[in-house]
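Asker: Structure file start23.txt (compact mmCIF, C-alpha atoms (C1' of nucleotides)) right here:
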# COMPACT_ATOMS: atom_id res chain seq x y z
CA MET M 1260 -17.58 -31.11 -102.41
CA PHE M 1261 -17.67 -34.65 -101.04
CA GLU M 1262 -14.73 -34.58 -98.66
CA GLN M 1263 -16.84 -33.58 -95.73
CA ILE M 1264 -19.51 -36.21 -96.13
CA ASN M 1265 -17.01 -38.94 -96.96
CA ASN M 1266 -15.11 -38.09 -93.86
CA HIS M 1267 -18.31 -38.26 -91.90
CA VAL M 1268 -19.28 -41.66 -93.28
CA THR M 1269 -15.90 -43.32 -93.02
CA LYS M 1270 -15.82 -42.43 -89.34
CA CYS M 1271 -18.49 -45.13 -88.86
CA THR M 1272 -17.51 -47.78 -91.38
CA ASN M 1273 -14.78 -48.63 -93.89
CA LEU M 1274 -15.64 -48.20 -97.53
CA SER M 1275 -13.63 -49.02 -100.64
CA GLU M 1276 -12.84 -46.38 -103.26
CA ASP M 1277 -15.52 -47.87 -105.47
CA GLU M 1278 -18.16 -47.87 -102.83
CA LEU M 1279 -17.38 -44.30 -101.93
CA ALA M 1280 -17.50 -43.25 -105.56
CA TYR M 1281 -20.85 -44.93 -106.00
CA PHE M 1282 -22.14 -43.31 -102.86
CA ASN M 1283 -21.09 -39.88 -104.08
CA SER M 1284 -22.53 -40.47 -107.52
CA ILE M 1285 -26.06 -40.91 -106.24
CA LEU M 1286 -26.07 -37.90 -103.92
CA GLU M 1287 -27.92 -34.96 -105.36
CA PHE M 1288 -26.41 -31.57 -104.65
CA LYS M 1289 -28.84 -28.80 -103.81
CA SER M 1290 -28.31 -25.15 -103.05
CA VAL M 1291 -31.16 -23.62 -101.08
CA PRO M 1292 -31.61 -20.00 -99.97
CA LYS M 1293 -32.47 -19.18 -96.39
CA LYS M 1294 -36.05 -19.07 -95.12
CA THR M 1295 -37.02 -21.88 -97.48
CA MET M 1296 -39.53 -24.48 -96.35
CA LEU M 1297 -38.09 -27.89 -97.12
CA LEU M 1298 -41.01 -29.77 -95.62
CA HIS M 1299 -44.51 -28.72 -94.68
CA GLU M 1300 -46.81 -30.48 -92.24
CA GLY M 1301 -48.97 -32.92 -94.15
CA ASP M 1302 -46.37 -33.49 -96.88
CA ILE M 1303 -44.53 -36.75 -97.27
CA CYS M 1304 -40.86 -36.18 -96.62
CA ASN M 1305 -38.94 -37.29 -99.70
CA PHE M 1306 -35.43 -36.39 -98.63
CA GLU M 1307 -32.73 -37.21 -96.20
CA ALA M 1308 -30.23 -34.40 -96.51
CA TYR M 1309 -26.65 -34.05 -95.35
CA ILE M 1310 -25.81 -30.43 -94.58
CA ASN M 1311 -22.60 -29.43 -96.26
CA LYS M 1312 -23.09 -25.83 -95.28
CA GLY M 1313 -25.82 -23.90 -93.55
CA CYS M 1314 -28.32 -24.18 -90.74
CA ILE M 1315 -31.77 -25.73 -90.63
CA ARG M 1316 -34.40 -26.28 -87.99
CA ASN M 1317 -37.37 -28.58 -87.80
CA TYR M 1318 -40.34 -27.85 -85.63
CA TYR M 1319 -43.91 -28.66 -84.76
CA ILE M 1320 -46.85 -26.28 -84.57
CA ASP M 1321 -49.84 -27.03 -82.37
CA GLU M 1322 -53.48 -26.07 -82.96
CA ASN M 1323 -52.98 -22.64 -81.38
CA GLY M 1324 -49.99 -21.78 -83.54
CA PHE M 1325 -47.52 -22.48 -80.76
CA GLU M 1326 -44.13 -23.58 -82.14
CA VAL M 1327 -41.77 -26.15 -80.69
CA THR M 1328 -38.34 -26.51 -82.27
CA LEU M 1329 -37.37 -30.15 -82.40
CA GLN M 1330 -33.82 -29.58 -83.49
CA PHE M 1331 -31.29 -27.33 -85.11
CA ALA M 1332 -29.06 -28.95 -87.69
CA ILE M 1333 -25.80 -27.49 -88.97
CA GLU M 1334 -22.82 -28.66 -90.99
CA ASP M 1335 -22.19 -32.41 -90.79
CA TRP M 1336 -25.73 -33.28 -89.69
CA TRP M 1337 -28.55 -34.99 -91.47
CA VAL M 1338 -32.07 -33.57 -91.63
CA SER M 1339 -35.25 -35.40 -92.46
CA ASP M 1340 -38.45 -36.62 -90.94
CA ILE M 1341 -37.28 -40.20 -90.74
CA ALA M 1342 -40.70 -41.66 -90.01
CA SER M 1343 -42.36 -39.89 -92.91
CA PHE M 1344 -39.42 -40.62 -95.21
CA HIS M 1345 -39.34 -44.34 -94.55
CA ASN M 1346 -43.02 -45.09 -94.25
CA HIS M 1347 -44.15 -42.67 -96.95
CA GLU M 1348 -46.66 -41.19 -94.56
CA PRO M 1349 -47.61 -37.52 -94.08
CA SER M 1350 -45.30 -35.67 -91.76
CA ASN M 1351 -46.48 -33.59 -88.86
CA MET M 1352 -43.48 -31.33 -88.74
CA PHE M 1353 -41.97 -28.43 -90.64
CA ILE M 1354 -38.40 -28.16 -91.87
CA GLU M 1355 -37.01 -24.76 -92.76
CA THR M 1356 -33.61 -23.36 -93.69
CA LEU M 1357 -32.37 -20.60 -91.41
CA GLU M 1358 -29.34 -19.78 -93.59
CA ASP M 1359 -28.39 -20.35 -97.21
CA CYS M 1360 -27.64 -24.05 -97.42
CA GLU M 1361 -25.69 -26.56 -99.48
CA LEU M 1362 -27.23 -29.99 -99.18
CA LEU M 1363 -26.44 -33.50 -100.35
CA VAL M 1364 -29.72 -35.27 -100.75
CA LEU M 1365 -30.97 -38.86 -100.79
CA SER M 1366 -34.46 -39.77 -101.95
CA PRO M 1367 -36.26 -42.84 -100.60
CA GLN M 1368 -35.45 -44.72 -103.81
CA THR M 1369 -31.78 -43.78 -103.97
CA LYS M 1370 -31.39 -44.59 -100.31
CA GLU M 1371 -32.88 -48.01 -100.77
CA GLU M 1372 -30.66 -48.64 -103.76
CA LEU M 1373 -27.70 -47.50 -101.76
CA MET M 1374 -28.52 -49.80 -98.88
CA ALA M 1375 -28.88 -52.71 -101.26
CA ARG M 1376 -25.57 -52.01 -103.01
CA VAL M 1377 -23.54 -51.02 -99.95
CA PRO M 1378 -25.08 -52.81 -96.98
CA LYS M 1379 -22.32 -51.56 -94.71
CA LEU M 1380 -24.10 -48.23 -94.78
CA GLU M 1381 -27.07 -49.72 -92.95
CA ARG M 1382 -24.85 -49.50 -89.94
CA VAL M 1383 -24.04 -45.83 -90.44
CA PHE M 1384 -27.68 -44.89 -90.57
CA ARG M 1385 -28.68 -47.14 -87.72
CA LEU M 1386 -26.02 -45.54 -85.55
CA MET M 1387 -27.29 -42.14 -86.55
CA VAL M 1388 -30.83 -42.96 -85.51
CA GLN M 1389 -29.62 -44.50 -82.27
CA ARG M 1390 -27.58 -41.46 -81.40
CA ASN M 1391 -30.56 -39.29 -82.15
CA LEU M 1392 -32.69 -41.39 -79.86
CA ALA M 1393 -30.22 -41.17 -77.00
CA VAL M 1394 -29.95 -37.40 -77.35
CA LEU M 1395 -33.70 -37.03 -77.43
CA GLN M 1396 -34.13 -39.21 -74.35
CA SER M 1397 -31.80 -37.10 -72.31
CA ARG M 1398 -33.43 -33.96 -73.65
CA LEU M 1399 -36.87 -35.13 -72.59
CA PHE M 1400 -35.49 -35.81 -69.15
CA LYS M 1401 -34.01 -32.35 -68.87
CA THR M 1402 -37.13 -30.72 -70.25
CA ILE M 1403 -39.12 -32.30 -67.46
CA ALA M 1404 -36.65 -32.24 -64.62
CA THR M 1405 -34.77 -28.96 -64.81
CA SER M 1406 -35.37 -25.20 -64.67
CA ALA M 1407 -35.28 -22.86 -67.64
CA GLN M 1408 -31.84 -21.62 -66.68
CA GLU M 1409 -30.36 -25.09 -66.39
CA LYS M 1410 -31.80 -26.03 -69.76
CA TYR M 1411 -30.31 -22.95 -71.32
CA LEU M 1412 -26.89 -23.58 -69.81
CA ASP M 1413 -27.03 -27.16 -70.97
CA PHE M 1414 -27.95 -26.00 -74.45
CA LEU M 1415 -24.99 -23.62 -74.54
CA LYS M 1416 -22.67 -26.40 -73.51
CA ARG M 1417 -24.03 -28.89 -76.01
CA TYR M 1418 -24.40 -26.54 -78.98
CA PRO M 1419 -21.97 -23.68 -78.36
CA THR M 1420 -22.01 -22.40 -81.92
CA ILE M 1421 -25.78 -22.26 -82.45
CA PRO M 1422 -26.59 -19.10 -80.45
CA GLN M 1423 -24.42 -16.99 -82.73
CA ARG M 1424 -26.26 -18.28 -85.74
CA VAL M 1425 -29.95 -18.36 -84.91
CA ALA M 1426 -32.43 -15.89 -83.47
CA GLN M 1427 -32.98 -16.12 -79.76
CA HIS M 1428 -36.67 -16.83 -79.95
CA TYR M 1429 -35.91 -20.01 -81.86
CA ILE M 1430 -33.75 -21.12 -78.97
CA ALA M 1431 -36.59 -20.33 -76.59
CA SER M 1432 -38.89 -22.49 -78.66
CA TYR M 1433 -36.29 -25.27 -78.51
CA LEU M 1434 -36.05 -25.00 -74.74
CA GLY M 1435 -39.80 -24.90 -74.36
CA ILE M 1436 -39.95 -21.45 -72.74
CA SER M 1437 -41.25 -18.09 -73.96
CA PRO M 1438 -38.82 -15.73 -75.69
CA GLU M 1439 -39.45 -13.09 -73.02
CA PHE M 1440 -38.54 -15.48 -70.28
CA LEU M 1441 -35.36 -16.56 -72.02
CA SER M 1442 -34.39 -12.92 -72.22
CA LYS M 1443 -34.97 -12.53 -68.49
CA VAL M 1444 -32.97 -15.64 -67.72
CA ARG M 1445 -30.09 -14.26 -69.77
CA THR M 1446 -30.03 -10.88 -68.09
CA LYS M 1447 -30.19 -12.53 -64.67
CA MET M 1448 -27.27 -14.76 -65.63
CA SER M 1449 -25.12 -11.92 -66.93
CA LYS M 1450 -25.65 -9.90 -63.75
CA LYS M 1451 -23.83 -12.52 -61.70
CA MET S 596 -43.00 -69.77 -75.73
CA PHE S 597 -41.79 -68.30 -79.01
CA GLU S 598 -45.05 -67.80 -80.85
CA GLN S 599 -45.47 -64.28 -79.62
CA ILE S 600 -42.02 -63.06 -80.50
CA ASN S 601 -42.01 -64.85 -83.85
CA ASN S 602 -45.29 -63.25 -84.68
CA HIS S 603 -43.84 -59.92 -83.73
CA VAL S 604 -40.74 -60.35 -85.87
CA THR S 605 -42.43 -61.74 -88.93
CA LYS S 606 -44.68 -58.72 -89.01
CA CYS S 607 -41.63 -56.73 -90.14
CA THR S 608 -39.77 -59.19 -92.36
CA ASN S 609 -40.07 -62.65 -93.86
CA LEU S 610 -37.94 -65.36 -92.31
CA SER S 611 -37.48 -68.98 -93.31
CA GLU S 612 -38.15 -71.82 -90.88
CA ASP S 613 -34.43 -72.24 -90.41
CA GLU S 614 -33.81 -68.59 -89.71
CA LEU S 615 -36.63 -68.51 -87.22
CA ALA S 616 -35.34 -71.64 -85.50
CA TYR S 617 -31.87 -70.16 -85.25
CA PHE S 618 -33.29 -66.91 -83.93
CA ASN S 619 -35.23 -68.75 -81.23
CA SER S 620 -32.24 -70.92 -80.32
CA ILE S 621 -30.12 -67.96 -79.29
CA LEU S 622 -32.77 -66.22 -77.21
CA GLU S 623 -32.27 -66.68 -73.53
CA PHE S 624 -35.41 -67.13 -71.48
CA LYS S 625 -35.50 -65.36 -68.14
CA SER S 626 -38.11 -65.25 -65.43
CA VAL S 627 -37.81 -62.23 -63.17
CA PRO S 628 -39.87 -61.31 -60.10
CA LYS S 629 -41.39 -57.86 -59.74
CA LYS S 630 -39.49 -54.94 -58.22
CA THR S 631 -36.23 -56.26 -59.66
CA MET S 632 -33.64 -53.81 -60.96
CA LEU S 633 -32.54 -54.95 -64.38
CA LEU S 634 -30.22 -52.02 -64.94
CA HIS S 635 -28.68 -49.49 -62.59
CA GLU S 636 -27.32 -46.09 -63.52
CA GLY S 637 -23.61 -46.43 -64.19
CA ASP S 638 -23.86 -50.05 -65.32
CA ILE S 639 -23.33 -51.10 -68.89
CA CYS S 640 -26.54 -52.48 -70.28
CA ASN S 641 -25.90 -56.01 -71.50
CA PHE S 642 -29.38 -56.98 -72.61
CA GLU S 643 -32.04 -56.24 -75.10
CA ALA S 644 -35.12 -58.00 -73.80
CA TYR S 645 -38.40 -58.87 -75.43
CA ILE S 646 -41.23 -58.92 -72.91
CA ASN S 647 -43.22 -62.09 -73.20
CA LYS S 648 -45.19 -61.27 -70.09
CA GLY S 649 -45.06 -58.53 -67.50
CA CYS S 650 -44.48 -54.82 -67.15
CA ILE S 651 -41.28 -52.83 -66.89
CA ARG S 652 -40.37 -49.17 -66.66
CA ASN S 653 -37.16 -47.32 -67.28
CA TYR S 654 -36.44 -43.99 -65.72
CA TYR S 655 -33.88 -41.35 -64.90
CA ILE S 656 -33.09 -39.84 -61.53
CA ASP S 657 -31.61 -36.36 -61.24
CA GLU S 658 -29.22 -35.04 -58.57
CA ASN S 659 -32.08 -34.24 -56.21
CA GLY S 660 -33.61 -37.68 -56.43
CA PHE S 661 -36.36 -36.54 -58.75
CA GLU S 662 -37.56 -39.38 -60.99
CA VAL S 663 -38.65 -39.17 -64.62
CA THR S 664 -40.15 -42.26 -66.21
CA LEU S 665 -38.92 -42.60 -69.76
CA GLN S 666 -41.23 -45.41 -70.70
CA PHE S 667 -43.43 -48.25 -69.63
CA ALA S 668 -42.96 -51.48 -71.53
CA ILE S 669 -45.44 -54.35 -71.56
CA GLU S 670 -46.00 -57.53 -73.56
CA ASP S 671 -44.61 -57.42 -77.10
CA TRP S 672 -42.16 -54.58 -76.40
CA TRP S 673 -38.41 -54.53 -76.16
CA VAL S 674 -36.55 -52.96 -73.26
CA SER S 675 -32.95 -51.89 -73.14
CA ASP S 676 -30.75 -48.85 -72.98
CA ILE S 677 -29.86 -49.01 -76.65
CA ALA S 678 -27.01 -46.51 -76.44
CA SER S 679 -25.35 -48.27 -73.53
CA PHE S 680 -25.98 -51.69 -75.05
CA HIS S 681 -24.43 -50.90 -78.42
CA ASN S 682 -21.56 -48.68 -77.38
CA HIS S 683 -20.71 -50.58 -74.21
CA GLU S 684 -20.84 -47.36 -72.26
CA PRO S 685 -22.25 -46.74 -68.78
CA SER S 686 -25.95 -46.09 -68.78
CA ASN S 687 -27.57 -43.17 -67.05
CA MET S 688 -30.90 -44.78 -66.54
CA PHE S 689 -32.57 -47.38 -64.38
CA ILE S 690 -34.70 -50.29 -65.57
CA GLU S 691 -37.00 -52.02 -63.13
CA THR S 692 -39.72 -54.66 -63.34
CA LEU S 693 -43.11 -53.58 -62.03
CA GLU S 694 -44.63 -57.05 -62.29
CA ASP S 695 -43.29 -60.60 -62.48
CA CYS S 696 -41.85 -60.89 -65.97
CA GLU S 697 -40.95 -63.44 -68.60
CA LEU S 698 -38.25 -62.14 -70.89
CA LEU S 699 -36.46 -63.29 -74.02
CA VAL S 700 -33.02 -61.82 -73.90
CA LEU S 701 -30.27 -60.94 -76.37
CA SER S 702 -26.75 -60.06 -75.25
CA PRO S 703 -24.53 -57.76 -77.32
CA GLN S 704 -22.62 -60.78 -78.64
CA THR S 705 -25.64 -62.87 -79.54
CA LYS S 706 -27.26 -59.90 -81.18
CA GLU S 707 -24.21 -59.25 -83.33
CA GLU S 708 -24.02 -62.92 -84.27
CA LEU S 709 -27.69 -62.82 -85.12
CA MET S 710 -27.30 -59.77 -87.30
CA ALA S 711 -24.40 -61.39 -89.11
CA ARG S 712 -26.29 -64.64 -89.73
CA VAL S 713 -29.70 -63.14 -90.47
CA PRO S 714 -29.10 -59.69 -91.90
CA LYS S 715 -32.79 -59.26 -92.61
CA LEU S 716 -33.20 -58.66 -88.91
CA GLU S 717 -31.18 -55.46 -89.17
CA ARG S 718 -34.30 -54.05 -90.68
CA VAL S 719 -36.52 -55.17 -87.83
CA PHE S 720 -34.36 -53.48 -85.27
CA ARG S 721 -33.86 -50.36 -87.32
CA LEU S 722 -37.61 -50.02 -87.67
CA MET S 723 -37.98 -50.46 -83.97
CA VAL S 724 -35.53 -47.69 -83.19
CA GLN S 725 -37.13 -45.44 -85.76
CA ARG S 726 -40.57 -45.97 -84.32
CA ASN S 727 -39.20 -45.24 -80.89
CA LEU S 728 -37.69 -42.04 -82.16
CA ALA S 729 -40.93 -40.88 -83.75
CA VAL S 730 -42.90 -41.60 -80.60
CA LEU S 731 -40.37 -39.77 -78.48
CA GLN S 732 -40.41 -36.77 -80.78
CA SER S 733 -44.12 -36.37 -80.52
CA ARG S 734 -43.94 -36.90 -76.78
CA LEU S 735 -41.39 -34.14 -76.38
CA PHE S 736 -43.64 -31.86 -78.35
CA LYS S 737 -46.61 -32.64 -76.16
CA THR S 738 -44.58 -32.33 -73.00
CA ILE S 739 -43.66 -28.81 -73.99
CA ALA S 740 -46.81 -27.65 -75.72
CA THR S 741 -49.74 -29.03 -73.76
CA SER S 742 -51.32 -28.87 -70.31
CA ALA S 743 -51.18 -31.61 -67.69
CA GLN S 744 -54.72 -32.65 -68.46
CA GLU S 745 -54.14 -32.94 -72.19
CA LYS S 746 -51.03 -34.99 -71.60
CA TYR S 747 -52.93 -37.31 -69.32
CA LEU S 748 -55.77 -37.75 -71.80
CA ASP S 749 -53.26 -38.42 -74.54
CA PHE S 750 -51.57 -40.99 -72.34
CA LEU S 751 -54.85 -42.76 -71.68
CA LYS S 752 -55.58 -42.91 -75.38
CA ARG S 753 -52.15 -44.17 -76.31
CA TYR S 754 -51.68 -46.67 -73.50
CA PRO S 755 -55.17 -47.58 -72.32
CA THR S 756 -54.09 -50.69 -70.44
CA ILE S 757 -51.25 -49.20 -68.43
CA PRO S 758 -53.23 -47.28 -65.79
CA GLN S 759 -54.77 -50.49 -64.51
CA ARG S 760 -51.36 -52.04 -64.10
CA VAL S 761 -49.08 -49.42 -62.58
CA ALA S 762 -49.27 -47.07 -59.60
CA GLN S 763 -50.50 -43.59 -60.32
CA HIS S 764 -47.38 -41.81 -59.18
CA TYR S 765 -45.41 -43.62 -61.87
CA ILE S 766 -47.76 -42.20 -64.44
CA ALA S 767 -47.29 -38.74 -62.96
CA SER S 768 -43.54 -39.17 -63.30
CA TYR S 769 -44.06 -40.18 -66.92
CA LEU S 770 -46.16 -37.12 -67.61
CA GLY S 771 -43.72 -34.84 -65.83
CA ILE S 772 -46.13 -33.64 -63.17
CA SER S 773 -46.34 -34.22 -59.41
CA PRO S 774 -48.48 -37.11 -58.14
CA GLU S 775 -50.65 -34.65 -56.21
CA PHE S 776 -51.39 -32.66 -59.29
CA LEU S 777 -52.28 -35.73 -61.32
CA SER S 778 -54.73 -36.65 -58.60
CA LYS S 779 -56.28 -33.19 -58.82
CA VAL S 780 -56.50 -33.38 -62.60
CA ARG S 781 -58.27 -36.70 -62.31
CA THR S 782 -60.87 -35.53 -59.82
CA LYS S 783 -61.53 -32.44 -61.89
CA MET S 784 -62.01 -34.61 -64.97
CA SER S 785 -64.38 -37.02 -63.27
CA LYS S 786 -66.58 -34.18 -62.00
CA LYS S 787 -67.49 -33.16 -65.54
C1' DA L 1386 -27.96 5.94 -95.04
C1' DC L 1387 -32.84 5.31 -93.95
C1' DA L 1388 -37.04 3.32 -93.35
C1' DA L 1389 -39.15 -0.92 -92.39
C1' DT L 1390 -39.31 -4.94 -90.19
C1' DT L 1391 -37.82 -8.13 -86.98
C1' DT L 1392 -35.95 -9.27 -82.70
C1' DC L 1393 -34.83 -8.36 -77.91
C1' DT L 1394 -35.70 -6.32 -73.42
C1' DT L 1395 -38.31 -4.75 -69.45
C1' DG L 1396 -42.29 -4.25 -66.50
C1' DT L 1397 -46.72 -5.73 -64.54
C1' DC L 1398 -49.94 -9.11 -63.65
C1' DA L 1399 -51.96 -13.89 -64.04
C1' DT L 1400 -51.75 -18.93 -63.49
C1' DA L 1401 -50.45 -23.85 -63.83
C1' DG L 1402 -48.40 -26.63 -61.23
C1' DA L 1403 -45.09 -27.52 -57.07
C1' DT L 1404 -44.52 -28.20 -52.26
C1' DC L 1405 -45.95 -29.22 -47.70
C1' DA L 1406 -48.85 -31.19 -44.39
C1' DA L 1407 -52.79 -33.73 -42.87
C1' DT L 1408 -56.06 -37.44 -43.60
C1' DG L 1409 -57.92 -41.49 -45.30
C1' DC L 1410 -57.60 -45.98 -47.28
C1' DA L 1411 -56.10 -50.54 -48.79
C1' DG L 1412 -53.16 -54.67 -49.00
C1' DG L 1413 -49.77 -57.72 -46.97
C1' DG L 1414 -47.37 -59.81 -43.10
C1' DC L 1415 -47.90 -61.57 -38.53
C1' DG E 823 -58.20 -59.41 -36.98
C1' DC E 824 -54.69 -55.74 -36.47
C1' DC E 825 -50.85 -53.04 -37.37
C1' DC E 826 -47.61 -51.22 -40.91
C1' DT E 827 -46.38 -49.19 -44.80
C1' DG E 828 -47.14 -47.17 -49.05
C1' DC E 829 -50.61 -44.67 -52.02
C1' DA E 830 -54.02 -41.52 -53.12
C1' DT E 831 -56.58 -37.48 -51.97
C1' DT E 832 -57.41 -32.74 -50.41
C1' DG E 833 -56.49 -28.13 -49.00
C1' DA E 834 -53.42 -24.09 -48.16
C1' DT E 835 -49.69 -21.65 -49.72
C1' DC E 836 -45.72 -20.57 -52.88
C1' DT E 837 -43.10 -20.04 -57.20
C1' DA E 838 -41.50 -20.42 -61.76
C1' DT E 839 -42.93 -19.19 -65.87
C1' DG E 840 -46.46 -17.39 -69.18
C1' DA E 841 -49.11 -13.47 -71.43
C1' DC E 842 -49.45 -8.95 -72.73
C1' DA E 843 -47.84 -4.38 -73.74
C1' DA E 844 -44.59 -1.00 -75.04
C1' DG E 845 -40.16 0.60 -76.06
C1' DA E 846 -35.19 -0.18 -77.50
C1' DA E 847 -32.07 -2.31 -80.44
C1' DA E 848 -30.63 -4.73 -84.32
C1' DT E 849 -31.00 -6.41 -88.98
C1' DT E 850 -32.54 -6.04 -93.71
C1' DG E 851 -33.51 -4.38 -98.21
C1' DT E 852 -33.26 -0.56 -101.26
Re-express the file's structure as structure tokens.
Answerer:
Amino acid sequence: MFEQINNHVTKCTNLSEDELAYFNSILEFKSVPKKTMLLHEGDICNFEAYINKGCIRNYYIDENGFEVTLQFAIEDWWVSDIASFHNHEPSNMFIETLEDCELLVLSPQTKEELMARVPKLERVFRLMVQRNLAVLQSRLFKTIATSAQEKYLDFLKRYPTIPQRVAQHYIASYLGISPEFLSKVRTKMSKK
Amino acid sequence: MFEQINNHVTKCTNLSEDELAYFNSILEFKSVPKKTMLLHEGDICNFEAYINKGCIRNYYIDENGFEVTLQFAIEDWWVSDIASFHNHEPSNMFIETLEDCELLVLSPQTKEELMARVPKLERVFRLMVQRNLAVLQSRLFKTIATSAQEKYLDFLKRYPTIPQRVAQHYIASYLGISPEFLSKVRTKMSKK
DNA sequence: ACAATTTCTTGTCATAGATCAATGCAGGGC
DNA sequence: GCCCTGCATTGATCTATGACAAGAAATTGT
């Protein structure tokens, strides 16, 4: 049950047997069916969850009900609203399982404890946030600078396994285009 | 010279006199004229700079020469390409001063030393990255979900001092619209 | 296996914003 | 004071993408 996450963590830093055991001992295992809301706009996010199995998305909704998918997360990723989680402030996003999921969960308290006991893990989480930031920066750039088709191709390259797992209209909402238009882009692409 | 930055840092964490003195001692002061390139695409970013005075932007350029401004930074902000800085990998962005600037600079080595000697600062920088991430997330959302005018209004609210300091076409490139269209949005707004 | 629901496709029409070109305007160097 | 050069504005088209509607296809639960 912990091989995957331990593998993941030890890629970034070296931990002793003891440290690893402690780390595992404070993780809470959770099994969640698909189509479950893990976080609702306005709630304070009280989890940072490692995905052992499954698929999750988080998204925003604007005043008119228009959805924007911020990210898909699958095995070996973490999901959370970091800002809400750390500052204990209401979130403005939604987090929802798209498949049945197995999660390993940290609460704000357990995470703090963990950081205090195993400071080396600070690094792991800082790296994670930094990587996230870099990805988001380049995504913003592409969102602004490129056509729908380019964005879709880029998405396929970056996340080749996602399209087989999630409905197409979610991908459209990730790319920032309408589902109809994504469909048209796809048919145009397949004709050539 | 250090009041500003010390103020900034002690807002996030408590430091002793000694720690603060050490922190200040390793900062390198740099005075840079406007229109200077601090980082060029392909270079490895070797600085994380606190802006004591001045205004800086970082931006991407795509294959066709189309520019996207990632952010404007003014007094009391840090500028860097975090990913390039930490992983010693080539950057894909440009960083350029828009005004004469006074900077307080960390190199990768001095930052690491600093983190080792004053671990409390880990927290400061992690918070900074997290805040950045949250801002960028909400910006991506707005970029996708809202009209040019809304984005502009939001920009004015969030960064009220920037428009007086930077050329309008830079703002357009931040908002992801053409300079001509921003001009049209502005005249339409002022007519009502 | 079937009905019910959800998702995907296809067509037509509408529009925000891009692109191009012309004009005006201001600041800096001489 | 005058000429450059770089910005901002304005107007006339053009285009990528959105919105809506209706049908086809796929998935789901029972």
Asker: Pick out the residues sitting within 12 Å of L:DT1397, and hand them over as a ChimeraX atom specification; count only C-alpha atoms (C1' of nucleotides), and ignore anything fewer than 6 positions along from it in its own chain.
Answerer: /E:841-844
Asker: Can you pull out every residue within 12 Å of L:DT1395, counting all atoms listed in the file, but drop anything in the same chain fewer than 6 positions away, and send it as JSON, numbers by chain?
Answerer: {"M": [1439, 1440, 1442, 1443, 1446], "E": [843, 844, 845, 846]}
Asker: What is the atom CA of S:Val761-atom C1' of E:DC825 distance in Å, reported with one decimal?
Answerer: 25.5 Å
Asker: Could you list, as a compact mmCIF listing (two decimals) with C-alpha atoms, keeping the file's coordinate frame, every residue within 12 Å of M:Cys1314, counting only C-alpha atoms (C1' of nucleotides) and ignoring same-chain residues fewer than 6 positions away?
Answerer:
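Result saved to part_22.txt:
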# COMPACT_ATOMS: atom_id res chain seq x y z
CA VAL M 1291 -31.16 -23.62 -101.08
CA PRO M 1292 -31.61 -20.00 -99.97
CA LYS M 1293 -32.47 -19.18 -96.39
CA LYS M 1294 -36.05 -19.07 -95.12
CA THR M 1295 -37.02 -21.88 -97.48
CA ALA M 1308 -30.23 -34.40 -96.51
CA GLN M 1330 -33.82 -29.58 -83.49
CA PHE M 1331 -31.29 -27.33 -85.11
CA ALA M 1332 -29.06 -28.95 -87.69
CA ILE M 1333 -25.80 -27.49 -88.97
CA GLU M 1334 -22.82 -28.66 -90.99
CA ASP M 1335 -22.19 -32.41 -90.79
CA TRP M 1336 -25.73 -33.28 -89.69
CA TRP M 1337 -28.55 -34.99 -91.47
CA VAL M 1338 -32.07 -33.57 -91.63
CA ILE M 1354 -38.40 -28.16 -91.87
CA GLU M 1355 -37.01 -24.76 -92.76
CA THR M 1356 -33.61 -23.36 -93.69
CA LEU M 1357 -32.37 -20.60 -91.41
CA GLU M 1358 -29.34 -19.78 -93.59
CA ASP M 1359 -28.39 -20.35 -97.21
CA CYS M 1360 -27.64 -24.05 -97.42
CA GLU M 1361 -25.69 -26.56 -99.48
CA LEU M 1362 -27.23 -29.99 -99.18
CA THR M 1420 -22.01 -22.40 -81.92
CA ILE M 1421 -25.78 -22.26 -82.45
CA PRO M 1422 -26.59 -19.10 -80.45
CA GLN M 1423 -24.42 -16.99 -82.73
CA ARG M 1424 -26.26 -18.28 -85.74
CA VAL M 1425 -29.95 -18.36 -84.91
CA ALA M 1426 -32.43 -15.89 -83.47
Asker: Could you please tell me, as a PyMOL selection string, which residues of chain E have an atom within 12 Å of chain M when using all atoms listed in the file?
Answerer: chain E and resi 837-842+848-849
Asker: If I wrap all listed atoms of stretch 833-852 of chain E in a box with edges along x, y and z and add 4 Å on each side, what are its centre and edge lengths in Å to one decimal, as lines of an AutoDock Vina configuration file?
Answerer:
center_x = -43.6
center_y = -13.8
center_z = -74.7
size_x = 33.9
size_y = 36.7
size_z = 61.1
Asker: Excluding M:Ile1341 and residues on its chain fewer than 4 positions from it, collect all residues at most 10 Å away from it, counting only C-alpha atoms (C1' of nucleotides), and give them as a list in words.
Answerer: Cys1304, Asn1305, Phe1306, Glu1307, His1345, Asn1346, His1347, Ser1350 and Val1388 of chain M; Gln725, Arg726, Leu728 and Ala729 of chain S
Asker: Got time to write the residues from that selection, C-alpha atoms, as a CSV table (one decimal), in the coordinates of the input?
Answerer:
chain,number,residue,atom,x,y,z
M,1304,CYS,CA,-40.9,-36.2,-96.6
M,1305,ASN,CA,-38.9,-37.3,-99.7
M,1306,PHE,CA,-35.4,-36.4,-98.6
M,1307,GLU,CA,-32.7,-37.2,-96.2
M,1345,HIS,CA,-39.3,-44.3,-94.6
M,1346,ASN,CA,-43.0,-45.1,-94.2
M,1347,HIS,CA,-44.2,-42.7,-97.0
M,1350,SER,CA,-45.3,-35.7,-91.8
M,1388,VAL,CA,-30.8,-43.0,-85.5
S,725,GLN,CA,-37.1,-45.4,-85.8
S,726,ARG,CA,-40.6,-46.0,-84.3
S,728,LEU,CA,-37.7,-42.0,-82.2
S,729,ALA,CA,-40.9,-40.9,-83.8
